[in-house]
>>> print(open('model.pdb').read())   # PDB, C-alpha atoms and all ligand atoms
ATOM      1  CA  MET A  14      -8.835  31.756 -11.547
ATOM      2  CA  THR A  15      -6.846  32.037 -14.777
ATOM      3  CA  HIS A  16      -3.107  32.541 -14.660
ATOM      4  CA  PRO A  17      -1.174  34.666 -17.188
ATOM      5  CA  THR A  18       0.108  31.375 -18.614
ATOM      6  CA  GLY A  19      -3.477  30.453 -19.486
ATOM      7  CA  ARG A  20      -3.568  27.573 -17.004
ATOM      8  CA  THR A  21      -6.509  27.553 -14.698
ATOM      9  CA  GLN A  22      -6.218  27.022 -10.998
ATOM     10  CA  SER A  23      -9.094  26.002  -8.821
ATOM     11  CA  MET A  24     -10.046  28.358  -6.006
ATOM     12  CA  PRO A  25      -9.079  27.181  -2.524
ATOM     13  CA  GLN A  26     -11.950  25.371  -0.825
ATOM     14  CA  GLU A  27     -12.929  25.408   2.836
ATOM     15  CA  THR A  28     -12.961  21.633   3.329
ATOM     16  CA  ALA A  29     -13.620  21.808   7.097
ATOM     17  CA  PRO A  30     -14.304  24.831   9.337
ATOM     18  CA  GLY A  31     -11.223  27.063   9.104
ATOM     19  CA  VAL A  32      -9.293  24.552   6.977
ATOM     20  CA  TYR A  33      -8.695  25.585   3.372
ATOM     21  CA  GLN A  34      -7.477  23.213   0.663
ATOM     22  CA  ILE A  35      -5.104  24.607  -1.949
ATOM     23  CA  VAL A  36      -4.492  22.306  -4.930
ATOM     24  CA  ILE A  37      -0.894  22.407  -6.145
ATOM     25  CA  PRO A  38       0.211  20.907  -9.489
ATOM     26  CA  THR A  39       2.994  18.312  -9.533
ATOM     27  CA  PRO A  40       4.905  16.802 -12.469
ATOM     28  CA  PHE A  41       4.281  13.303 -11.039
ATOM     29  CA  SER A  42       1.843  10.627 -12.148
ATOM     30  CA  VAL A  43       0.013  10.906  -8.802
ATOM     31  CA  GLY A  44      -1.413  14.255 -10.015
ATOM     32  CA  PRO A  45      -1.805  17.437  -7.950
ATOM     33  CA  VAL A  46      -1.097  17.541  -4.220
ATOM     34  CA  ASN A  47      -3.478  19.106  -1.688
ATOM     35  CA  VAL A  48      -1.960  21.413   0.896
ATOM     36  CA  TYR A  49      -4.067  22.866   3.729
ATOM     37  CA  LEU A  50      -4.130  26.255   5.373
ATOM     38  CA  ILE A  51      -5.446  26.101   8.939
ATOM     39  CA  THR A  52      -6.650  29.424  10.263
ATOM     40  CA  GLY A  53      -6.816  29.909  14.022
ATOM     41  CA  SER A  54      -4.486  30.907  16.805
ATOM     42  CA  SER A  55      -1.506  30.223  14.531
ATOM     43  CA  LEU A  56      -1.834  30.443  10.745
ATOM     44  CA  THR A  57      -0.536  27.041   9.692
ATOM     45  CA  LEU A  58       0.247  25.490   6.339
ATOM     46  CA  VAL A  59       0.238  21.697   6.095
ATOM     47  CA  ASP A  60       2.636  20.620   3.303
ATOM     48  CA  VAL A  61       3.927  22.932   0.592
ATOM     49  CA  GLY A  62       4.187  21.065  -2.725
ATOM     50  CA  PRO A  63       7.162  20.228  -4.963
ATOM     51  CA  ASN A  64       9.847  22.730  -5.877
ATOM     52  CA  THR A  65       8.603  23.781  -9.322
ATOM     53  CA  PRO A  66       7.676  27.237 -10.639
ATOM     54  CA  ALA A  67       4.082  26.081 -11.254
ATOM     55  CA  ALA A  68       3.708  24.808  -7.686
ATOM     56  CA  TRP A  69       5.149  28.011  -6.239
ATOM     57  CA  GLU A  70       2.761  30.079  -8.330
ATOM     58  CA  ALA A  71      -0.211  27.960  -7.251
ATOM     59  CA  LEU A  72       0.743  28.188  -3.581
ATOM     60  CA  GLN A  73       1.147  31.969  -3.701
ATOM     61  CA  GLY A  74      -2.059  32.270  -5.744
ATOM     62  CA  GLY A  75      -3.992  30.104  -3.290
ATOM     63  CA  LEU A  76      -2.865  32.118  -0.263
ATOM     64  CA  LYS A  77      -3.671  35.358  -2.064
ATOM     65  CA  ALA A  78      -7.155  34.157  -2.986
ATOM     66  CA  LEU A  79      -7.720  33.545   0.741
ATOM     67  CA  GLY A  80      -6.496  37.041   1.596
ATOM     68  CA  TYR A  81      -3.064  36.056   2.909
ATOM     69  CA  LYS A  82       0.574  36.462   1.960
ATOM     70  CA  ALA A  83       3.382  33.977   2.634
ATOM     71  CA  GLU A  84       4.615  36.242   5.490
ATOM     72  CA  ASP A  85       1.325  35.727   7.326
ATOM     73  CA  VAL A  86       1.947  31.989   7.682
ATOM     74  CA  GLN A  87       3.545  31.263  11.060
ATOM     75  CA  GLN A  88       4.318  27.588  10.705
ATOM     76  CA  VAL A  89       4.519  24.756   8.202
ATOM     77  CA  ILE A  90       3.795  21.166   9.200
ATOM     78  CA  LEU A  91       4.991  18.361   6.922
ATOM     79  CA  THR A  92       2.884  15.209   6.743
ATOM     80  CA  HIS A  93       5.928  13.334   5.381
ATOM     81  CA  HIS A  94       9.189  13.727   3.515
ATOM     82  CA  HIS A  95       8.107  12.924  -0.069
ATOM     83  CA  VAL A  96       9.071  15.635  -2.579
ATOM     84  CA  ASP A  97       5.500  16.283  -3.752
ATOM     85  CA  HIS A  98       4.748  17.415  -0.162
ATOM     86  CA  CYS A  99       7.966  19.039   1.071
ATOM     87  CA  GLY A 100       9.942  20.268  -1.970
ATOM     88  CA  LEU A 101       9.109  23.968  -1.555
ATOM     89  CA  LEU A 102       9.808  24.053   2.186
ATOM     90  CA  ARG A 103      13.098  25.945   2.003
ATOM     91  CA  ARG A 104      11.777  28.548  -0.401
ATOM     92  CA  PHE A 105       8.531  29.010   1.487
ATOM     93  CA  CYS A 106      10.196  29.342   4.901
ATOM     94  CA  ALA A 107      12.811  31.750   3.511
ATOM     95  CA  GLU A 108      10.039  33.909   2.040
ATOM     96  CA  SER A 109       7.657  33.739   5.002
ATOM     97  CA  GLY A 110       9.888  33.277   8.035
ATOM     98  CA  ALA A 111       7.578  30.435   9.121
ATOM     99  CA  ARG A 112       8.838  27.717  11.480
ATOM    100  CA  SER A 113       8.871  24.180  10.103
ATOM    101  CA  TYR A 114       7.763  21.040  11.939
ATOM    102  CA  ALA A 115       7.983  17.359  11.015
ATOM    103  CA  HIS A 116       8.490  13.894  12.462
ATOM    104  CA  PRO A 117      12.150  13.241  13.454
ATOM    105  CA  LEU A 118      12.504  10.637  10.682
ATOM    106  CA  ALA A 119      11.763  13.282   8.026
ATOM    107  CA  VAL A 120      14.816  15.302   9.028
ATOM    108  CA  PRO A 121      17.650  13.496   7.160
ATOM    109  CA  TYR A 122      15.562  13.474   3.959
ATOM    110  CA  VAL A 123      14.425  17.093   4.137
ATOM    111  CA  GLU A 124      17.907  18.289   5.066
ATOM    112  CA  MET A 125      19.342  15.894   2.435
ATOM    113  CA  ASP A 126      21.984  14.814   4.892
ATOM    114  CA  LYS A 127      24.897  13.564   2.785
ATOM    115  CA  GLU A 128      25.924  10.752   5.087
ATOM    116  CA  PHE A 129      22.336   9.542   5.332
ATOM    117  CA  MET A 130      21.918   9.633   1.552
ATOM    118  CA  GLU A 131      24.999   7.416   1.195
ATOM    119  CA  PHE A 132      23.580   4.965   3.745
ATOM    120  CA  HIS A 133      20.250   5.140   1.882
ATOM    121  CA  ASN A 134      21.972   4.169  -1.384
ATOM    122  CA  GLN A 135      23.918   1.324   0.233
ATOM    123  CA  PHE A 136      20.732   0.025   1.858
ATOM    124  CA  PHE A 137      18.882  -0.094  -1.463
ATOM    125  CA  PHE A 138      21.838  -1.542  -3.335
ATOM    126  CA  ARG A 139      21.895  -4.453  -0.909
ATOM    127  CA  LEU A 140      18.096  -4.808  -0.802
ATOM    128  CA  TYR A 141      17.837  -4.914  -4.609
ATOM    129  CA  ARG A 142      20.725  -7.391  -4.819
ATOM    130  CA  GLU A 143      19.047  -9.658  -2.286
ATOM    131  CA  SER A 144      15.742  -9.289  -4.139
ATOM    132  CA  GLY A 145      17.259 -10.503  -7.429
ATOM    133  CA  VAL A 146      17.027  -7.172  -9.278
ATOM    134  CA  PRO A 147      19.190  -7.415 -12.431
ATOM    135  CA  GLU A 148      22.269  -5.194 -12.660
ATOM    136  CA  ARG A 149      20.858  -3.108 -15.539
ATOM    137  CA  LEU A 150      18.028  -1.849 -13.288
ATOM    138  CA  MET A 151      20.241  -0.834 -10.359
ATOM    139  CA  THR A 152      20.481   2.704 -11.795
ATOM    140  CA  VAL A 153      17.040   3.347 -10.294
ATOM    141  CA  ILE A 154      18.782   3.780  -6.918
ATOM    142  CA  ASP A 155      20.487   6.988  -8.103
ATOM    143  CA  LYS A 156      17.186   8.264  -9.438
ATOM    144  CA  PHE A 157      15.853   8.755  -5.906
ATOM    145  CA  TYR A 158      18.578  11.279  -5.121
ATOM    146  CA  GLN A 159      18.169  12.928  -8.526
ATOM    147  CA  LEU A 160      14.443  13.272  -7.870
ATOM    148  CA  MET A 161      15.132  14.858  -4.486
ATOM    149  CA  MET A 162      17.679  17.241  -6.009
ATOM    150  CA  THR A 163      15.331  18.230  -8.830
ATOM    151  CA  PHE A 164      12.112  18.797  -6.888
ATOM    152  CA  CYS A 165      13.317  19.610  -3.374
ATOM    153  CA  GLU A 166      15.764  22.115  -1.935
ATOM    154  CA  PRO A 167      17.524  21.045   1.277
ATOM    155  CA  ALA A 168      15.600  22.652   4.122
ATOM    156  CA  ARG A 169      15.784  22.955   7.896
ATOM    157  CA  ILE A 170      13.276  21.486  10.319
ATOM    158  CA  ASP A 171      12.836  23.777  13.344
ATOM    159  CA  GLY A 172      10.701  21.560  15.564
ATOM    160  CA  LEU A 173       9.939  17.859  15.900
ATOM    161  CA  LEU A 174       6.497  16.317  16.274
ATOM    162  CA  LYS A 175       5.572  13.034  17.920
ATOM    163  CA  HIS A 176       2.520  10.846  18.315
ATOM    164  CA  GLU A 177      -0.343  12.285  20.379
ATOM    165  CA  GLN A 178       1.223  15.663  21.104
ATOM    166  CA  PRO A 179      -0.894  18.778  20.503
ATOM    167  CA  LEU A 180       0.134  20.795  17.479
ATOM    168  CA  PRO A 181       2.246  23.851  18.446
ATOM    169  CA  GLY A 182       0.120  26.971  18.154
ATOM    170  CA  LEU A 183      -3.012  24.939  17.426
ATOM    171  CA  PRO A 184      -3.775  22.941  20.601
ATOM    172  CA  GLU A 185      -7.145  21.725  19.278
ATOM    173  CA  TRP A 186      -5.201  19.594  16.765
ATOM    174  CA  LYS A 187      -3.359  16.444  17.813
ATOM    175  CA  VAL A 188      -0.489  14.727  16.009
ATOM    176  CA  LEU A 189      -0.970  11.077  15.054
ATOM    177  CA  TYR A 190       2.049   9.041  13.970
ATOM    178  CA  THR A 191       0.840   7.002  10.982
ATOM    179  CA  PRO A 192       3.904   5.258   9.501
ATOM    180  CA  GLY A 193       3.882   2.846   6.574
ATOM    181  CA  HIS A 194       3.614   4.932   3.422
ATOM    182  CA  ALA A 195       6.625   6.810   4.812
ATOM    183  CA  GLN A 196       8.507   6.297   8.078
ATOM    184  CA  SER A 197       8.034   9.998   8.808
ATOM    185  CA  HIS A 198       4.293  10.047   8.147
ATOM    186  CA  LEU A 199       2.087  12.162  10.425
ATOM    187  CA  SER A 200      -1.639  12.811  10.336
ATOM    188  CA  LEU A 201      -3.346  15.665  12.194
ATOM    189  CA  TYR A 202      -6.604  15.149  14.072
ATOM    190  CA  ARG A 203      -9.104  17.648  15.489
ATOM    191  CA  SER A 204     -11.381  15.782  17.874
ATOM    192  CA  SER A 205     -13.933  18.627  18.296
ATOM    193  CA  ASP A 206     -15.343  17.920  14.829
ATOM    194  CA  GLN A 207     -13.510  14.668  14.014
ATOM    195  CA  VAL A 208     -11.503  15.997  11.093
ATOM    196  CA  MET A 209      -8.209  14.409  10.068
ATOM    197  CA  ILE A 210      -5.620  15.815   7.687
ATOM    198  CA  GLY A 211      -4.334  12.522   6.368
ATOM    199  CA  GLY A 212      -1.415  13.222   3.985
ATOM    200  CA  ASP A 213      -0.915  10.076   1.915
ATOM    201  CA  HIS A 214      -2.078   7.720   4.672
ATOM    202  CA  ILE A 215      -5.683   7.399   3.487
ATOM    203  CA  LEU A 216      -6.477   8.228  -0.149
ATOM    204  CA  LYS A 217      -9.785   7.567  -1.815
ATOM    205  CA  ARG A 218      -8.787   6.491  -5.312
ATOM    206  CA  ILE A 219      -5.179   5.409  -4.859
ATOM    207  CA  SER A 220      -4.125   2.618  -2.583
ATOM    208  CA  SER A 221      -1.098   4.093  -0.810
ATOM    209  CA  ASN A 222       2.158   2.242  -1.275
ATOM    210  CA  ALA A 223       3.973   1.157   1.878
ATOM    211  CA  PHE A 224       7.412   2.113   0.554
ATOM    212  CA  ILE A 225      10.356   0.132   1.856
ATOM    213  CA  GLU A 226      12.779   2.453   3.673
ATOM    214  CA  PRO A 227      16.061   1.985   5.505
ATOM    215  CA  PRO A 228      15.855   1.407   9.272
ATOM    216  CA  ARG A 229      16.080   4.259  11.762
ATOM    217  CA  ASP A 230      19.086   2.613  13.389
ATOM    218  CA  ARG A 231      21.633   1.366  10.877
ATOM    219  CA  SER A 232      22.359  -1.812  12.799
ATOM    220  CA  GLN A 233      18.693  -2.863  12.720
ATOM    221  CA  ALA A 234      16.752  -4.764  10.064
ATOM    222  CA  ARG A 235      14.502  -2.742   7.749
ATOM    223  CA  PRO A 236      11.056  -1.839   9.121
ATOM    224  CA  LEU A 237       8.194  -4.022   7.891
ATOM    225  CA  THR A 238       6.449  -1.124   6.242
ATOM    226  CA  LEU A 239       3.276  -2.889   5.089
ATOM    227  CA  VAL A 240       2.771  -4.323   8.583
ATOM    228  CA  GLN A 241       3.265  -0.813  10.028
ATOM    229  CA  TYR A 242       0.901   0.642   7.460
ATOM    230  CA  ARG A 243      -1.832  -1.868   8.295
ATOM    231  CA  THR A 244      -1.413  -1.146  12.026
ATOM    232  CA  ALA A 245      -1.660   2.610  11.429
ATOM    233  CA  LEU A 246      -4.746   2.090   9.229
ATOM    234  CA  GLN A 247      -6.335  -0.009  11.973
ATOM    235  CA  MET A 248      -5.562   2.730  14.505
ATOM    236  CA  CYS A 249      -7.466   5.208  12.307
ATOM    237  CA  ALA A 250     -10.363   2.775  11.892
ATOM    238  CA  ASP A 251     -10.629   2.772  15.697
ATOM    239  CA  ILE A 252     -10.922   6.579  15.789
ATOM    240  CA  ASP A 253     -14.143   8.425  14.990
ATOM    241  CA  ILE A 254     -13.314  10.407  11.874
ATOM    242  CA  ARG A 255     -16.000  12.325  10.039
ATOM    243  CA  LEU A 256     -13.766  13.662   7.315
ATOM    244  CA  VAL A 257     -10.302  12.779   6.042
ATOM    245  CA  LEU A 258      -8.657  15.640   4.160
ATOM    246  CA  PRO A 259      -6.148  13.799   1.963
ATOM    247  CA  GLY A 260      -2.882  14.771   0.291
ATOM    248  CA  HIS A 261      -4.274  13.772  -3.109
ATOM    249  CA  GLY A 262      -7.788  13.638  -4.534
ATOM    250  CA  GLU A 263     -11.160  13.958  -2.858
ATOM    251  CA  VAL A 264     -12.040  14.022   0.833
ATOM    252  CA  VAL A 265     -12.934  10.684   2.419
ATOM    253  CA  THR A 266     -16.125  10.417   4.442
ATOM    254  CA  GLU A 267     -16.435   6.650   4.954
ATOM    255  CA  HIS A 268     -12.964   5.968   6.267
ATOM    256  CA  ARG A 269     -13.800   2.643   7.954
ATOM    257  CA  GLU A 270     -15.150   1.107   4.739
ATOM    258  CA  LEU A 271     -12.147   2.317   2.785
ATOM    259  CA  ILE A 272      -9.716   0.956   5.378
ATOM    260  CA  ALA A 273     -11.521  -2.401   5.492
ATOM    261  CA  SER A 274     -11.255  -2.712   1.707
ATOM    262  CA  ARG A 275      -7.545  -1.809   1.744
ATOM    263  CA  LEU A 276      -6.829  -4.382   4.464
ATOM    264  CA  GLN A 277      -8.841  -7.012   2.598
ATOM    265  CA  ARG A 278      -6.938  -6.264  -0.619
ATOM    266  CA  ASN A 279      -3.678  -7.170   1.152
ATOM    267  CA  TRP A 280      -4.938 -10.690   1.855
ATOM    268  CA  GLU A 281      -6.072 -11.083  -1.740
ATOM    269  CA  ARG A 282      -2.588 -10.170  -2.874
ATOM    270  CA  THR A 283      -0.945 -12.650  -0.474
ATOM    271  CA  ASP A 284      -3.235 -15.310  -1.989
ATOM    272  CA  THR A 285      -1.970 -14.339  -5.445
ATOM    273  CA  LEU A 286       1.628 -14.592  -4.240
ATOM    274  CA  ARG A 287       1.001 -18.062  -2.830
ATOM    275  CA  ARG A 288      -0.544 -19.095  -6.144
ATOM    276  CA  LEU A 289       2.509 -17.825  -8.033
ATOM    277  CA  LEU A 290       4.833 -19.752  -5.713
ATOM    278  CA  ARG A 291       2.989 -22.996  -6.401
ATOM    279  CA  ASP A 292       4.881 -23.261  -9.729
ATOM    280  CA  GLY A 293       8.191 -23.162  -7.865
ATOM    281  CA  GLU A 294      10.548 -20.920  -5.944
ATOM    282  CA  LYS A 295      11.035 -17.302  -6.971
ATOM    283  CA  THR A 296      12.898 -14.139  -6.021
ATOM    284  CA  ALA A 297      11.086 -10.967  -4.949
ATOM    285  CA  PHE A 298      11.965  -9.380  -8.290
ATOM    286  CA  GLU A 299      10.509 -12.339 -10.229
ATOM    287  CA  LEU A 300       7.349 -12.139  -8.127
ATOM    288  CA  SER A 301       7.041  -8.395  -8.744
ATOM    289  CA  ALA A 302       7.336  -8.992 -12.498
ATOM    290  CA  LEU A 303       4.491 -11.523 -12.297
ATOM    291  CA  LEU A 304       2.341  -9.328 -10.037
ATOM    292  CA  PHE A 305       2.904  -6.125 -12.022
ATOM    293  CA  PRO A 306       3.811  -7.127 -15.599
ATOM    294  CA  GLU A 307       3.218  -3.609 -16.959
ATOM    295  CA  LEU A 308       4.883  -1.654 -14.160
ATOM    296  CA  TYR A 309       7.661  -3.668 -12.580
ATOM    297  CA  GLU A 310      10.526  -2.102 -14.555
ATOM    298  CA  LYS A 311       9.156   1.406 -14.883
ATOM    299  CA  GLU A 312       8.065   1.666 -11.245
ATOM    300  CA  LEU A 313      10.607  -0.611  -9.610
ATOM    301  CA  PRO A 314      10.741   0.945  -6.090
ATOM    302  CA  LEU A 315       6.942   0.936  -5.902
ATOM    303  CA  THR A 316       6.328  -2.582  -7.239
ATOM    304  CA  LEU A 317       9.196  -4.118  -5.262
ATOM    305  CA  SER A 318       7.972  -2.429  -2.051
ATOM    306  CA  GLU A 319       4.519  -3.803  -2.701
ATOM    307  CA  THR A 320       5.882  -7.304  -3.345
ATOM    308  CA  LEU A 321       8.257  -7.350  -0.360
ATOM    309  CA  GLY A 322       5.492  -6.019   1.892
ATOM    310  CA  HIS A 323       3.248  -8.938   1.027
ATOM    311  CA  ILE A 324       6.156 -11.386   1.350
ATOM    312  CA  ASP A 325       6.629  -9.931   4.874
ATOM    313  CA  LEU A 326       2.981 -10.679   5.699
ATOM    314  CA  LEU A 327       3.381 -14.285   4.525
ATOM    315  CA  THR A 328       6.675 -14.594   6.421
ATOM    316  CA  ILE A 329       5.102 -13.456   9.689
ATOM    317  CA  LEU A 330       2.430 -16.106   9.214
ATOM    318  CA  HIS A 331       5.082 -18.767   8.515
ATOM    319  CA  GLN A 332       3.494 -19.425   5.136
ATOM    320  CA  ILE A 333       6.643 -19.241   3.058
ATOM    321  CA  GLU A 334      10.190 -20.543   3.241
ATOM    322  CA  ILE A 335      13.161 -18.282   2.620
ATOM    323  CA  ARG A 336      16.520 -19.513   1.376
ATOM    324  CA  ARG A 337      19.578 -17.446   0.559
ATOM    325  CA  ARG A 338      21.345 -18.475  -2.627
ATOM    326  CA  ASP A 339      24.425 -16.580  -3.904
ATOM    327  CA  GLY A 340      23.352 -13.530  -1.912
ATOM    328  CA  VAL A 341      19.791 -13.570  -3.279
ATOM    329  CA  PHE A 342      16.690 -14.499  -1.239
ATOM    330  CA  VAL A 343      14.541 -17.161  -2.850
ATOM    331  CA  TYR A 344      10.992 -17.831  -1.638
ATOM    332  CA  SER A 345       8.976 -21.025  -1.754
ATOM    333  CA  LEU A 346       5.836 -22.454  -0.142
TER     334      LEU A 346
HETATM  335 ZN    ZN A 401       3.886  10.251  -0.206
HETATM  336 ZN    ZN A 402       1.960  12.350  -2.078
END
>>> encode(input="model.pdb", output="structure tokens", more="lines below")
Ligand SMILES: [Zn+2]
Ligand SMILES: [Zn+2]
Amino acid sequence: MTHPTGRTQSMPQETAPGVYQIVIPTPFSVGPVNVYLITGSSLTLVDVGPNTPAAWEALQGGLKALGYKAEDVQQVILTHHHVDHCGLLRRFCAESGARSYAHPLAVPYVEMDKEFMEFHNQFFFRLYRESGVPERLMTVIDKFYQLMMTFCEPARIDGLLKHEQPLPGLPEWKVLYTPGHAQSHLSLYRSSDQVMIGGDHILKRISSNAFIEPPRDRSQARPLTLVQYRTALQMCADIDIRLVLPGHGEVVTEHRELIASRLQRNWERTDTLRRLLRDGEKTAFELSALLFPELYEKELPLTLSETLGHIDLLTILHQIEIRRRDGVFVYSL
């Protein structure tokens, strides 16, 4: 369909029986986000898109093309707390009266809890310090909050979802906790026809980043997000899935092959890290600059998460030594 602005929007597609994909534009390099409308005993929207006028227009347009209005939607399920998926939640729920559901760990992000955001900043300040990130790049920490404020309105979560519970109002769907890309990440699985709505857990053309996040309990160490991600991928490889309906890009039909290649890629990257450490000890920041020479400054949270994740894998296998020097961790073989 063509919008008054001249932009074209693709028609919603029925990607699985009763599950309609609406493609929502985002201003991010990842490209558009896919949200899903599940028809059935409870009209359910999975994810909403970022808080931009274009995304709002696309969401309304998509529902309209399917013969619905926002008020018809009874509930919204969030796959995870990233702004490209949850930014419009407040506006959509205010307009529709729909109930919102998410994993408990999404709550402080979606509500933009002030105390949590301060803890979040302190956590990253310390992590970046310990990783050897130079002072001039520390400003990236504030950018996270700015990004949230720009593309997300603080919203309320009405109900919490946990691993293996049936989806409220849609008992044929089961919740799977699939952490790694985000600590709050959920996937939704319908066993009758082996369809999974996968958020950013399994994407065909992008290898999902296992973003480092603060721990659930402030006194604990940070979660090993790449290890979690690999475990959650393996869990999905053990499930019969005919179709993964992803948060970005095309549907995935051969999920086991894709997962095997992602898991294999991790070992290739640990080999690269070991090779880089052969020339002498390095900080995580120095390793990220060598691994991602084009991206490491521009995409610091992403490249550092990727680097630290692979350092974690090597650490678990006792393949690297860690020393702390002037508050900075230095790695060697
Ligand atoms: Zn995401
Ligand atoms: Zn995403």
>>> residues_near_ligand(input="model.pdb", ligand="ligand ZN 401 (chain A)", cutoff="9 Å", atoms="only C-alpha atoms and all ligand atoms", output="PyMOL selection string")
chain A and resi 92-98+194-195+198+212-214+221-222+224+260
>>> residues_around(input="model.pdb", residues="Ser204 of chain A", least_positions_apart="4", cutoff="12 Å", atoms="only C-alpha atoms", output="ChimeraX atom specification")
/A:177,179,184-189,208-210,252-256
>>> closest_residue(input="model.pdb", among="A:Pro121, A:Pro63, A:Gly74, A:Gly110", to="ligand ZN 402 (chain A)", atoms="only C-alpha atoms and all ligand atoms")
A:Pro63
>>> residues_around(input="model.pdb", residues="Glu270 of chain A", least_positions_apart="3", cutoff="12 Å", atoms="all atoms listed in the file", output="PDB file with C-alpha atoms, keeping the file's coordinate frame")
ATOM      1  CA  ILE A 215      -5.683   7.399   3.487  1.00  0.00           C
ATOM      2  CA  LYS A 217      -9.785   7.567  -1.815  1.00  0.00           C
ATOM      3  CA  LEU A 246      -4.746   2.090   9.229  1.00  0.00           C
ATOM      4  CA  GLN A 247      -6.335  -0.009  11.973  1.00  0.00           C
ATOM      5  CA  CYS A 249      -7.466   5.208  12.307  1.00  0.00           C
ATOM      6  CA  ALA A 250     -10.363   2.775  11.892  1.00  0.00           C
ATOM      7  CA  ASP A 251     -10.629   2.772  15.697  1.00  0.00           C
ATOM      8  CA  ILE A 254     -13.314  10.407  11.874  1.00  0.00           C
ATOM      9  CA  VAL A 265     -12.934  10.684   2.419  1.00  0.00           C
ATOM     10  CA  THR A 266     -16.125  10.417   4.442  1.00  0.00           C
ATOM     11  CA  GLU A 267     -16.435   6.650   4.954  1.00  0.00           C
ATOM     12  CA  ALA A 273     -11.521  -2.401   5.492  1.00  0.00           C
ATOM     13  CA  SER A 274     -11.255  -2.712   1.707  1.00  0.00           C
ATOM     14  CA  ARG A 275      -7.545  -1.809   1.744  1.00  0.00           C
ATOM     15  CA  LEU A 276      -6.829  -4.382   4.464  1.00  0.00           C
ATOM     16  CA  GLN A 277      -8.841  -7.012   2.598  1.00  0.00           C
TER      17      GLN A 277
END
>>> residues_around(input="model.pdb", residues="segment 233-235 of chain A", least_positions_apart="6", cutoff="12 Å", atoms="only C-alpha atoms", output="PDB file with C-alpha atoms, in the coordinates of the input")
ATOM      1  CA  HIS A 133      20.250   5.140   1.882  1.00  0.00           C
ATOM      2  CA  PHE A 136      20.732   0.025   1.858  1.00  0.00           C
ATOM      3  CA  PHE A 137      18.882  -0.094  -1.463  1.00  0.00           C
ATOM      4  CA  ARG A 139      21.895  -4.453  -0.909  1.00  0.00           C
ATOM      5  CA  LEU A 140      18.096  -4.808  -0.802  1.00  0.00           C
ATOM      6  CA  GLN A 196       8.507   6.297   8.078  1.00  0.00           C
ATOM      7  CA  PHE A 224       7.412   2.113   0.554  1.00  0.00           C
ATOM      8  CA  ILE A 225      10.356   0.132   1.856  1.00  0.00           C
ATOM      9  CA  GLU A 226      12.779   2.453   3.673  1.00  0.00           C
ATOM     10  CA  PRO A 227      16.061   1.985   5.505  1.00  0.00           C
ATOM     11  CA  GLN A 241       3.265  -0.813  10.028  1.00  0.00           C
ATOM     12  CA  SER A 318       7.972  -2.429  -2.051  1.00  0.00           C
ATOM     13  CA  LEU A 321       8.257  -7.350  -0.360  1.00  0.00           C
ATOM     14  CA  GLY A 322       5.492  -6.019   1.892  1.00  0.00           C
ATOM     15  CA  ASP A 325       6.629  -9.931   4.874  1.00  0.00           C
TER      16      ASP A 325
END
>>> atom_distance(input="model.pdb", atom1="atom CA of Met125 of chain A", atom2="atom CA of Pro167 of chain A")
5.6 Å
>>> resolve_selection(input="model.pdb", expression="the PyMOL selection byres (((chain A and resi 149-162) around 9) and not hetatm)", output="number ranges by chain")
A: 95-96, 100, 122-123, 125, 130, 134, 137-138, 141-142, 146-148, 163-167, 310, 313-314
>>> closest_residue(input="model.pdb", among="A:Asn47, A:Gln34, A:Ser232, A:Gln135", to="ligand ZN 402 (chain A)", atoms="only C-alpha atoms and all ligand atoms")
A:Asn47
>>> build_atoms(input="model.pdb", residues="segment 113-122 of chain A", atoms="N, CA and C atoms", output="PDB file, in the coordinates of the input")
ATOM      1  N   SER A 113       9.258  25.453  10.736  1.00  0.00           N
ATOM      2  CA  SER A 113       8.871  24.180  10.103  1.00  0.00           C
ATOM      3  C   SER A 113       8.870  23.065  11.140  1.00  0.00           C
ATOM      4  N   TYR A 114       7.886  22.174  11.028  1.00  0.00           N
ATOM      5  CA  TYR A 114       7.763  21.040  11.939  1.00  0.00           C
ATOM      6  C   TYR A 114       7.570  19.753  11.147  1.00  0.00           C
ATOM      7  N   ALA A 115       8.153  18.670  11.659  1.00  0.00           N
ATOM      8  CA  ALA A 115       7.983  17.359  11.015  1.00  0.00           C
ATOM      9  C   ALA A 115       8.327  16.271  12.020  1.00  0.00           C
ATOM     10  N   HIS A 116       8.072  15.032  11.638  1.00  0.00           N
ATOM     11  CA  HIS A 116       8.490  13.894  12.462  1.00  0.00           C
ATOM     12  C   HIS A 116      10.025  13.783  12.387  1.00  0.00           C
ATOM     13  N   PRO A 117      10.674  13.341  13.478  1.00  0.00           N
ATOM     14  CA  PRO A 117      12.150  13.241  13.454  1.00  0.00           C
ATOM     15  C   PRO A 117      12.690  12.468  12.245  1.00  0.00           C
ATOM     16  N   LEU A 118      11.972  11.450  11.789  1.00  0.00           N
ATOM     17  CA  LEU A 118      12.504  10.637  10.682  1.00  0.00           C
ATOM     18  C   LEU A 118      12.446  11.354   9.331  1.00  0.00           C
ATOM     19  N   ALA A 119      11.771  12.511   9.279  1.00  0.00           N
ATOM     20  CA  ALA A 119      11.763  13.282   8.026  1.00  0.00           C
ATOM     21  C   ALA A 119      13.045  14.086   7.879  1.00  0.00           C
ATOM     22  N   VAL A 120      13.707  14.342   9.012  1.00  0.00           N
ATOM     23  CA  VAL A 120      14.816  15.302   9.028  1.00  0.00           C
ATOM     24  C   VAL A 120      15.947  14.967   8.043  1.00  0.00           C
ATOM     25  N   PRO A 121      16.519  13.740   8.077  1.00  0.00           N
ATOM     26  CA  PRO A 121      17.650  13.496   7.160  1.00  0.00           C
ATOM     27  C   PRO A 121      17.268  13.619   5.686  1.00  0.00           C
ATOM     28  N   TYR A 122      16.003  13.337   5.355  1.00  0.00           N
ATOM     29  CA  TYR A 122      15.562  13.474   3.959  1.00  0.00           C
ATOM     30  C   TYR A 122      15.426  14.956   3.600  1.00  0.00           C
TER      31      TYR A 122
END
